[in-house]
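Engineer: Structure file structure_21.pdb (PDB, C-alpha atoms, pLDDT in the B column) right here:
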ATOM      1  CA  MET R   1     179.957   9.032 140.558  1.00 47.00           C
ATOM      2  CA  THR R   2     180.400   6.713 137.630  1.00 48.00           C
ATOM      3  CA  SER R   3     178.039   6.402 134.738  1.00 45.00           C
ATOM      4  CA  SER R   4     177.462   2.683 135.009  1.00 47.00           C
ATOM      5  CA  GLY R   5     178.005  -0.179 137.380  1.00 49.00           C
ATOM      6  CA  GLY R   6     181.394  -1.512 138.304  1.00 53.00           C
ATOM      7  CA  ASN R   7     180.848  -4.731 136.393  1.00 54.00           C
ATOM      8  CA  SER R   8     180.652  -2.966 133.057  1.00 62.00           C
ATOM      9  CA  LEU R   9     183.488  -0.595 133.934  1.00 66.00           C
ATOM     10  CA  LEU R  10     186.079  -3.264 134.552  1.00 76.00           C
ATOM     11  CA  ALA R  11     184.583  -5.628 131.976  1.00 78.00           C
ATOM     12  CA  GLY R  12     185.708  -3.167 129.305  1.00 78.00           C
ATOM     13  CA  ILE R  13     189.267  -3.435 130.576  1.00 81.00           C
ATOM     14  CA  TYR R  14     189.182  -7.237 130.647  1.00 83.00           C
ATOM     15  CA  SER R  15     187.648  -7.310 127.201  1.00 84.00           C
ATOM     16  CA  GLY R  16     190.267  -4.921 125.826  1.00 85.00           C
ATOM     17  CA  LEU R  17     193.104  -7.059 127.191  1.00 88.00           C
ATOM     18  CA  THR R  18     191.530 -10.244 125.814  1.00 90.00           C
ATOM     19  CA  ASN R  19     190.876  -8.714 122.387  1.00 90.00           C
ATOM     20  CA  THR R  20     194.412  -7.383 122.179  1.00 91.00           C
ATOM     21  CA  TYR R  21     195.815 -10.779 123.139  1.00 93.00           C
ATOM     22  CA  SER R  22     193.549 -12.465 120.562  1.00 92.00           C
ATOM     23  CA  TYR R  23     194.806 -10.147 117.835  1.00 92.00           C
ATOM     24  CA  LEU R  24     198.425 -10.821 118.806  1.00 93.00           C
ATOM     25  CA  ALA R  25     197.815 -14.584 118.993  1.00 93.00           C
ATOM     26  CA  ALA R  26     196.294 -14.548 115.506  1.00 92.00           C
ATOM     27  CA  LYS R  27     199.165 -12.480 114.119  1.00 91.00           C
ATOM     28  CA  TYR R  28     201.814 -14.616 115.869  1.00 91.00           C
ATOM     29  CA  PRO R  29     200.283 -18.115 116.288  1.00 87.00           C
ATOM     30  CA  ASN R  30     201.371 -19.710 119.584  1.00 72.00           C
ATOM     31  CA  GLN R  31     204.097 -17.119 120.043  1.00 86.00           C
ATOM     32  CA  VAL R  32     202.874 -14.052 121.901  1.00 94.00           C
ATOM     33  CA  THR R  33     206.294 -12.981 123.087  1.00 94.00           C
ATOM     34  CA  LEU R  34     207.592  -9.663 124.340  1.00 94.00           C
ATOM     35  CA  GLU R  35     209.365  -9.192 121.002  1.00 94.00           C
ATOM     36  CA  ASN R  36     206.136  -9.879 119.092  1.00 93.00           C
ATOM     37  CA  ILE R  37     204.206  -7.380 121.211  1.00 93.00           C
ATOM     38  CA  ASN R  38     206.920  -4.787 120.538  1.00 92.00           C
ATOM     39  CA  ALA R  39     206.883  -5.607 116.820  1.00 90.00           C
ATOM     40  CA  ALA R  40     203.079  -5.332 116.598  1.00 90.00           C
ATOM     41  CA  ARG R  41     203.148  -1.978 118.353  1.00 90.00           C
ATOM     42  CA  THR R  42     205.784  -0.529 116.015  1.00 89.00           C
ATOM     43  CA  ASP R  43     204.758  -2.225 112.748  1.00 87.00           C
ATOM     44  CA  THR R  44     203.079   0.487 110.699  1.00 83.00           C
ATOM     45  CA  THR R  45     200.780  -2.015 108.969  1.00 83.00           C
ATOM     46  CA  SER R  46     199.392  -3.377 112.244  1.00 74.00           C
ATOM     47  CA  ALA R  47     199.853  -0.414 114.582  1.00 71.00           C
ATOM     48  CA  ASN R  48     196.314   0.771 113.845  1.00 79.00           C
ATOM     49  CA  LEU R  49     194.871  -2.709 114.383  1.00 84.00           C
ATOM     50  CA  VAL R  50     196.367  -3.436 117.777  1.00 87.00           C
ATOM     51  CA  ASN R  51     195.106  -1.487 120.763  1.00 85.00           C
ATOM     52  CA  GLN R  52     198.270   0.345 121.767  1.00 85.00           C
ATOM     53  CA  SER R  53     197.137   0.910 125.337  1.00 82.00           C
ATOM     54  CA  PHE R  54     196.356  -2.704 126.111  1.00 87.00           C
ATOM     55  CA  ALA R  55     199.425  -3.877 124.191  1.00 89.00           C
ATOM     56  CA  SER R  56     201.461  -1.496 126.347  1.00 87.00           C
ATOM     57  CA  TYR R  57     199.917  -3.031 129.475  1.00 87.00           C
ATOM     58  CA  LEU R  58     200.821  -6.545 128.248  1.00 91.00           C
ATOM     59  CA  GLN R  59     204.318  -5.351 127.392  1.00 91.00           C
ATOM     60  CA  THR R  60     204.906  -3.628 130.726  1.00 89.00           C
ATOM     61  CA  ASN R  61     203.512  -6.529 132.773  1.00 89.00           C
ATOM     62  CA  PHE R  62     204.890  -9.320 130.581  1.00 94.00           C
ATOM     63  CA  THR R  63     206.984 -11.038 133.261  1.00 93.00           C
ATOM     64  CA  ASN R  64     204.057 -11.034 135.708  1.00 91.00           C
ATOM     65  CA  ILE R  65     201.709 -12.506 133.102  1.00 93.00           C
ATOM     66  CA  ASP R  66     204.194 -15.136 131.859  1.00 94.00           C
ATOM     67  CA  LYS R  67     203.907 -17.285 134.986  1.00 94.00           C
ATOM     68  CA  ASP R  68     205.913 -20.241 133.675  1.00 94.00           C
ATOM     69  CA  GLY R  69     208.740 -17.991 132.511  1.00 94.00           C
ATOM     70  CA  ASP R  70     208.985 -19.508 129.031  1.00 95.00           C
ATOM     71  CA  GLY R  71     208.925 -16.098 127.319  1.00 94.00           C
ATOM     72  CA  ILE R  72     205.470 -16.675 125.830  1.00 94.00           C
ATOM     73  CA  ILE R  73     202.076 -15.521 127.057  1.00 95.00           C
ATOM     74  CA  SER R  74     199.898 -18.571 126.471  1.00 92.00           C
ATOM     75  CA  ALA R  75     196.112 -18.523 126.155  1.00 91.00           C
ATOM     76  CA  GLU R  76     195.947 -20.165 129.586  1.00 93.00           C
ATOM     77  CA  GLU R  77     198.115 -17.454 131.131  1.00 94.00           C
ATOM     78  CA  MET R  78     195.948 -14.779 129.537  1.00 93.00           C
ATOM     79  CA  THR R  79     192.789 -16.451 130.844  1.00 92.00           C
ATOM     80  CA  ASN R  80     194.362 -16.663 134.293  1.00 92.00           C
ATOM     81  CA  LEU R  81     195.207 -12.948 134.125  1.00 90.00           C
ATOM     82  CA  THR R  82     191.684 -11.873 133.211  1.00 88.00           C
ATOM     83  CA  ASN R  83     190.153 -14.251 135.772  1.00 87.00           C
ATOM     84  CA  THR R  84     192.479 -12.925 138.460  1.00 86.00           C
ATOM     85  CA  LEU R  85     191.739  -9.328 137.525  1.00 84.00           C
ATOM     86  CA  SER R  86     187.995  -9.953 137.509  1.00 82.00           C
ATOM     87  CA  THR R  87     187.976 -11.693 140.904  1.00 84.00           C
ATOM     88  CA  GLN R  88     190.720  -9.776 142.701  1.00 88.00           C
ATOM     89  CA  GLY R  89     190.323  -6.429 140.943  1.00 88.00           C
ATOM     90  CA  LEU R  90     192.885  -3.889 139.830  1.00 88.00           C
ATOM     91  CA  THR R  91     195.457  -1.974 141.830  1.00 90.00           C
ATOM     92  CA  LYS R  92     195.634   1.786 141.738  1.00 92.00           C
ATOM     93  CA  GLU R  93     198.904   1.469 139.789  1.00 88.00           C
ATOM     94  CA  GLU R  94     197.276  -0.789 137.178  1.00 85.00           C
ATOM     95  CA  LEU R  95     194.379   1.616 136.755  1.00 85.00           C
ATOM     96  CA  THR R  96     196.778   4.555 136.581  1.00 85.00           C
ATOM     97  CA  GLN R  97     198.855   2.780 133.939  1.00 81.00           C
ATOM     98  CA  LEU R  98     195.781   1.971 131.852  1.00 78.00           C
ATOM     99  CA  TYR R  99     194.542   5.545 132.250  1.00 77.00           C
ATOM    100  CA  ALA R 100     197.913   7.047 131.295  1.00 76.00           C
ATOM    101  CA  THR R 101     198.010   5.005 128.107  1.00 68.00           C
ATOM    102  CA  GLY R 102     194.339   5.615 127.360  1.00 66.00           C
ATOM    103  CA  GLY R 103     193.650   1.900 127.672  1.00 63.00           C
ATOM    104  CA  SER R 104     191.049   1.838 130.376  1.00 62.00           C
ATOM    105  CA  GLY R 105     188.193   2.150 127.911  1.00 64.00           C
ATOM    106  CA  LEU R 106     186.632   4.594 130.372  1.00 69.00           C
ATOM    107  CA  SER R 107     186.015   8.300 130.112  1.00 75.00           C
ATOM    108  CA  ALA R 108     188.656  10.508 131.658  1.00 77.00           C
ATOM    109  CA  SER R 109     186.221  11.808 134.291  1.00 81.00           C
ATOM    110  CA  THR R 110     185.144   8.298 135.301  1.00 81.00           C
ATOM    111  CA  ILE R 111     188.666   6.960 135.705  1.00 82.00           C
ATOM    112  CA  GLU R 112     189.729  10.137 137.535  1.00 85.00           C
ATOM    113  CA  ASN R 113     186.801   9.685 139.946  1.00 86.00           C
ATOM    114  CA  ILE R 114     187.801   6.064 140.523  1.00 88.00           C
ATOM    115  CA  LEU R 115     191.437   6.995 141.113  1.00 90.00           C
ATOM    116  CA  ASN R 116     190.533   9.930 143.380  1.00 91.00           C
ATOM    117  CA  ASN R 117     188.222   7.754 145.477  1.00 91.00           C
ATOM    118  CA  PHE R 118     190.225   4.527 145.244  1.00 93.00           C
ATOM    119  CA  ASP R 119     190.890   4.222 148.983  1.00 93.00           C
ATOM    120  CA  GLU R 120     187.207   4.774 149.810  1.00 92.00           C
ATOM    121  CA  MET R 121     186.165   2.172 147.236  1.00 93.00           C
ATOM    122  CA  ASP R 122     188.676  -0.390 148.482  1.00 94.00           C
ATOM    123  CA  THR R 123     186.500  -1.473 151.394  1.00 92.00           C
ATOM    124  CA  ASN R 124     188.548  -4.560 152.271  1.00 93.00           C
ATOM    125  CA  HIS R 125     191.806  -2.545 152.093  1.00 94.00           C
ATOM    126  CA  ASP R 126     193.642  -5.098 149.958  1.00 95.00           C
ATOM    127  CA  GLY R 127     195.014  -2.452 147.584  1.00 94.00           C
ATOM    128  CA  ARG R 128     192.702  -3.559 144.758  1.00 93.00           C
ATOM    129  CA  ILE R 129     189.220  -2.573 143.691  1.00 91.00           C
ATOM    130  CA  THR R 130     186.765  -5.006 142.225  1.00 89.00           C
ATOM    131  CA  SER R 131     183.647  -4.464 140.175  1.00 85.00           C
ATOM    132  CA  ALA R 132     181.611  -5.182 143.306  1.00 87.00           C
ATOM    133  CA  GLU R 133     183.443  -2.500 145.282  1.00 90.00           C
ATOM    134  CA  ILE R 134     182.908   0.058 142.513  1.00 87.00           C
ATOM    135  CA  SER R 135     179.212  -0.847 142.303  1.00 87.00           C
ATOM    136  CA  ALA R 136     178.804  -0.638 146.082  1.00 89.00           C
ATOM    137  CA  TYR R 137     180.529   2.754 146.131  1.00 89.00           C
ATOM    138  CA  ASP R 138     178.307   4.001 143.293  1.00 87.00           C
ATOM    139  CA  LEU R 139     175.208   2.790 145.094  1.00 89.00           C
ATOM    140  CA  ASN R 140     176.271   4.386 148.365  1.00 88.00           C
ATOM    141  CA  CYS R 141     177.054   7.698 146.611  1.00 86.00           C
ATOM    142  CA  SER R 142     173.634   7.640 144.930  1.00 86.00           C
ATOM    143  CA  ARG R 143     171.942   6.905 148.253  1.00 88.00           C
ATOM    144  CA  LEU R 144     173.819   9.723 150.006  1.00 85.00           C
ATOM    145  CA  LYS R 145     172.991  12.129 147.179  1.00 86.00           C
ATOM    146  CA  LYS R 146     169.285  11.289 147.455  1.00 87.00           C
ATOM    147  CA  GLU R 147     169.401  11.679 151.235  1.00 84.00           C
ATOM    148  CA  ASP R 148     171.046  15.092 150.830  1.00 80.00           C
ATOM    149  CA  GLU R 149     168.406  16.122 148.276  1.00 80.00           C
ATOM    150  CA  PHE R 150     165.624  14.936 150.577  1.00 80.00           C
ATOM    151  CA  ASN R 151     167.108  16.680 153.608  1.00 75.00           C
ATOM    152  CA  ALA R 152     167.574  19.925 151.659  1.00 72.00           C
ATOM    153  CA  ARG R 153     163.987  19.730 150.434  1.00 71.00           C
ATOM    154  CA  MET R 154     162.738  19.073 153.969  1.00 66.00           C
ATOM    155  CA  ALA R 155     164.700  22.029 155.330  1.00 58.00           C
ATOM    156  CA  ASN R 156     163.386  24.327 152.583  1.00 60.00           C
ATOM    157  CA  ASN R 157     159.821  23.090 152.402  1.00 58.00           C
ATOM    158  CA  MET R 158     158.149  23.825 155.702  1.00 58.00           C
ATOM    159  CA  SER R 159     154.737  23.699 154.021  1.00 55.00           C
ATOM    160  CA  VAL R 160     154.467  20.136 155.303  1.00 53.00           C
ATOM    161  CA  PHE R 161     154.379  21.581 158.812  1.00 54.00           C
ATOM    162  CA  TYR R 162     152.739  24.970 158.271  1.00 55.00           C
ATOM    163  CA  GLY R 163     150.554  24.284 155.251  1.00 52.00           C
ATOM    164  CA  ASN R 164     150.749  25.280 151.632  1.00 54.00           C
ATOM    165  CA  ASP R 165     152.581  28.500 150.771  1.00 52.00           C
ATOM    166  CA  ASP R 166     149.509  29.993 149.057  1.00 51.00           C
ATOM    167  CA  ALA R 167     147.626  29.832 152.386  1.00 48.00           C
ATOM    168  CA  SER R 168     144.398  28.680 150.770  1.00 48.00           C
ATOM    169  CA  SER R 169     141.762  27.352 153.104  1.00 49.00           C
ATOM    170  CA  ASP R 170     142.039  23.914 151.533  1.00 53.00           C
ATOM    171  CA  SER R 171     145.724  23.552 152.338  1.00 52.00           C
ATOM    172  CA  TYR R 172     146.638  20.846 154.777  1.00 52.00           C
ATOM    173  CA  SER R 173     149.476  20.692 157.242  1.00 50.00           C
ATOM    174  CA  ILE R 174     150.406  18.622 160.241  1.00 54.00           C
ATOM    175  CA  LEU R 175     148.787  21.313 162.404  1.00 51.00           C
ATOM    176  CA  SER R 176     145.554  21.468 160.393  1.00 48.00           C
ATOM    177  CA  TYR R 177     143.747  19.234 162.868  1.00 50.00           C
ATOM    178  CA  LYS R 178     144.401  21.788 165.614  1.00 48.00           C
ATOM    179  CA  TYR R 179     143.227  24.782 163.593  1.00 48.00           C
ATOM    180  CA  ASN R 180     140.161  22.952 162.335  1.00 48.00           C
ATOM    181  CA  SER R 181     139.200  21.800 165.835  1.00 46.00           C
ATOM    182  CA  ASN R 182     139.586  25.387 167.179  1.00 46.00           C
ATOM    183  CA  LYS R 183     137.303  26.739 164.409  1.00 47.00           C
ATOM    184  CA  ASN R 184     134.606  24.292 165.427  1.00 46.00           C
ATOM    185  CA  ILE R 185     134.747  25.480 169.068  1.00 46.00           C
ATOM    186  CA  GLN R 186     134.163  29.139 168.267  1.00 46.00           C
TER     187      GLN R 186
END
Here is the file; what I need is its structure written in the form of structure tokens.
Structural biologist:
Amino acid sequence: MTSSGGNSLLAGIYSGLTNTYSYLAAKYPNQVTLENINAARTDTTSANLVNQSFASYLQTNFTNIDKDGDGIISAEEMTNLTNTLSTQGLTKEELTQLYATGGSGLSASTIENILNNFDEMDTNHDGRITSAEISAYDLNCSRLKKEDEFNARMANNMSVFYGNDDASSDSYSILSYKYNSNKNIQ
């Protein structure tokens, strides 16, 4: 399903948010405000330096991130956000928003697979998926794929039961004991 485990998938998102916050905090010391995020996104000298997708996420979710309501996203609030996201996971809406802005850090096919299978991945049905749930889903998909391959091979390869397809005398099958014992009787 996905190309790597869930831990690395969501870690890229957490890292992108943290790096974007770090850039904004360095540009606006102790004052990562909604106005500063807007300014950094529209400033032509810094627009290429700030990750627009993650800055958009911070901008859109500013009031949820700014827990104390002082109009500033502090380093502690940012740490709380990334810790919460890493332990509780992301909602389908958050993933969709990051995907729409190109900020997921994931390939389009990977994020589409996650979004298409979100409800299956969300095993505890809390409306969020965690790295562990993505990894478990990936592992289960891999296991099911291998089982399907094995079952298809078993259905197509009856040589295990009837012997090798080339019908050489040295071929062995489950029934070989019976044929060999009958040859010895005659």
Engineer: When the PyMOL selection byres ((chain R and resi 35) around 12) is applied to the file above, which residues end up in the set, as a PyMOL selection string?
Structural biologist: chain R and resi 24+28+31-34+36-43+55+58-59+62+71-73
Engineer: Please compute the CA of Thr96 in chain R-CA of Asp66 in chain R distance, one decimal, in Å.
Structural biologist: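 Spanning CA of Thr96 in chain R to CA of Asp66 in chain R is a straight-line distance of 21.6 Å.
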Engineer: Which residue is closest to Asp126 in chain R? Choose from R:Leu81, R:Leu90, R:Leu139, R:Ala108 and count all atoms listed in the file.
Structural biologist: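 Closest to Asp126 in chain R of all the choices is R:Leu90.
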Engineer: Would you compute the distance between CA of Met121 in chain R and CA of Arg153 in chain R? Give it in Å to one decimal.
Structural biologist: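 Rounded to one decimal, the two atoms are 28.5 Å apart.
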Engineer: I'd like the neighbourhood of Gln97 in chain R as a list in words, where a residue qualifies if any of its atoms comes within 12 Å (using all atoms listed in the file), though same-chain residues fewer than 6 positions away should be ignored.
Structural biologist: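 After dropping sequence-adjacent residues, the list is Ile13, Ser53, Phe54, Ala55, Ser56, Tyr57, Leu58, Gln59, Thr60, Asn61, Leu90, Thr91, Gly103, Ser104, Ile111 and Leu115 of chain R.
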Engineer: Just checking: using all atoms listed in the file, which residue out of R:Thr110, R:Glu94, R:Ser135, R:Gln52 ends up closest to Asn19 in chain R?
Structural biologist: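 Nearest to Asn19 in chain R: R:Gln52.
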Engineer: Please determine, counting all atoms listed in the file, which residue among R:Asn151, R:Asn124, R:Ser86, R:Asn140 has the shortest atom-to-atom distance to Gly12 in chain R.
Structural biologist: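 Closest candidate: R:Ser86.
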Engineer: Between CA of Gly89 in chain R and CA of Arg128 in chain R, what is the distance, to one decimal in Å?
Structural biologist: 5.3 Å
Engineer: Give the answer as one residue: which of R:Thr18, R:Ser46, R:Glu77, R:Asp138 has the shortest atom-to-atom distance to Thr63 in chain R, using only C-alpha atoms?
Structural biologist: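 Of R:Thr18, R:Ser46, R:Glu77, R:Asp138, the one nearest Thr63 in chain R is R:Glu77, counting only C-alpha atoms.
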Engineer: Determine the residue set returned by the PyMOL selection byres ((chain R and resi 133) around 8) for the present structure, and present it as an NGL selection string.
Structural biologist: :R and (6 or 121-123 or 129-132 or 134-137)
Engineer: Quick one: of R:Asn30, R:Leu95, R:Leu49, R:Asn117, who's nearest to Glu76 in chain R, counting all atoms listed in the file?
Structural biologist: R:Asn30
Engineer: Using all atoms listed in the file, pick whichever of R:Lys92, R:Cys141, R:Asp148, R:Lys67 has the shortest atom-to-atom distance to His125 in chain R.
Structural biologist: R:Lys92
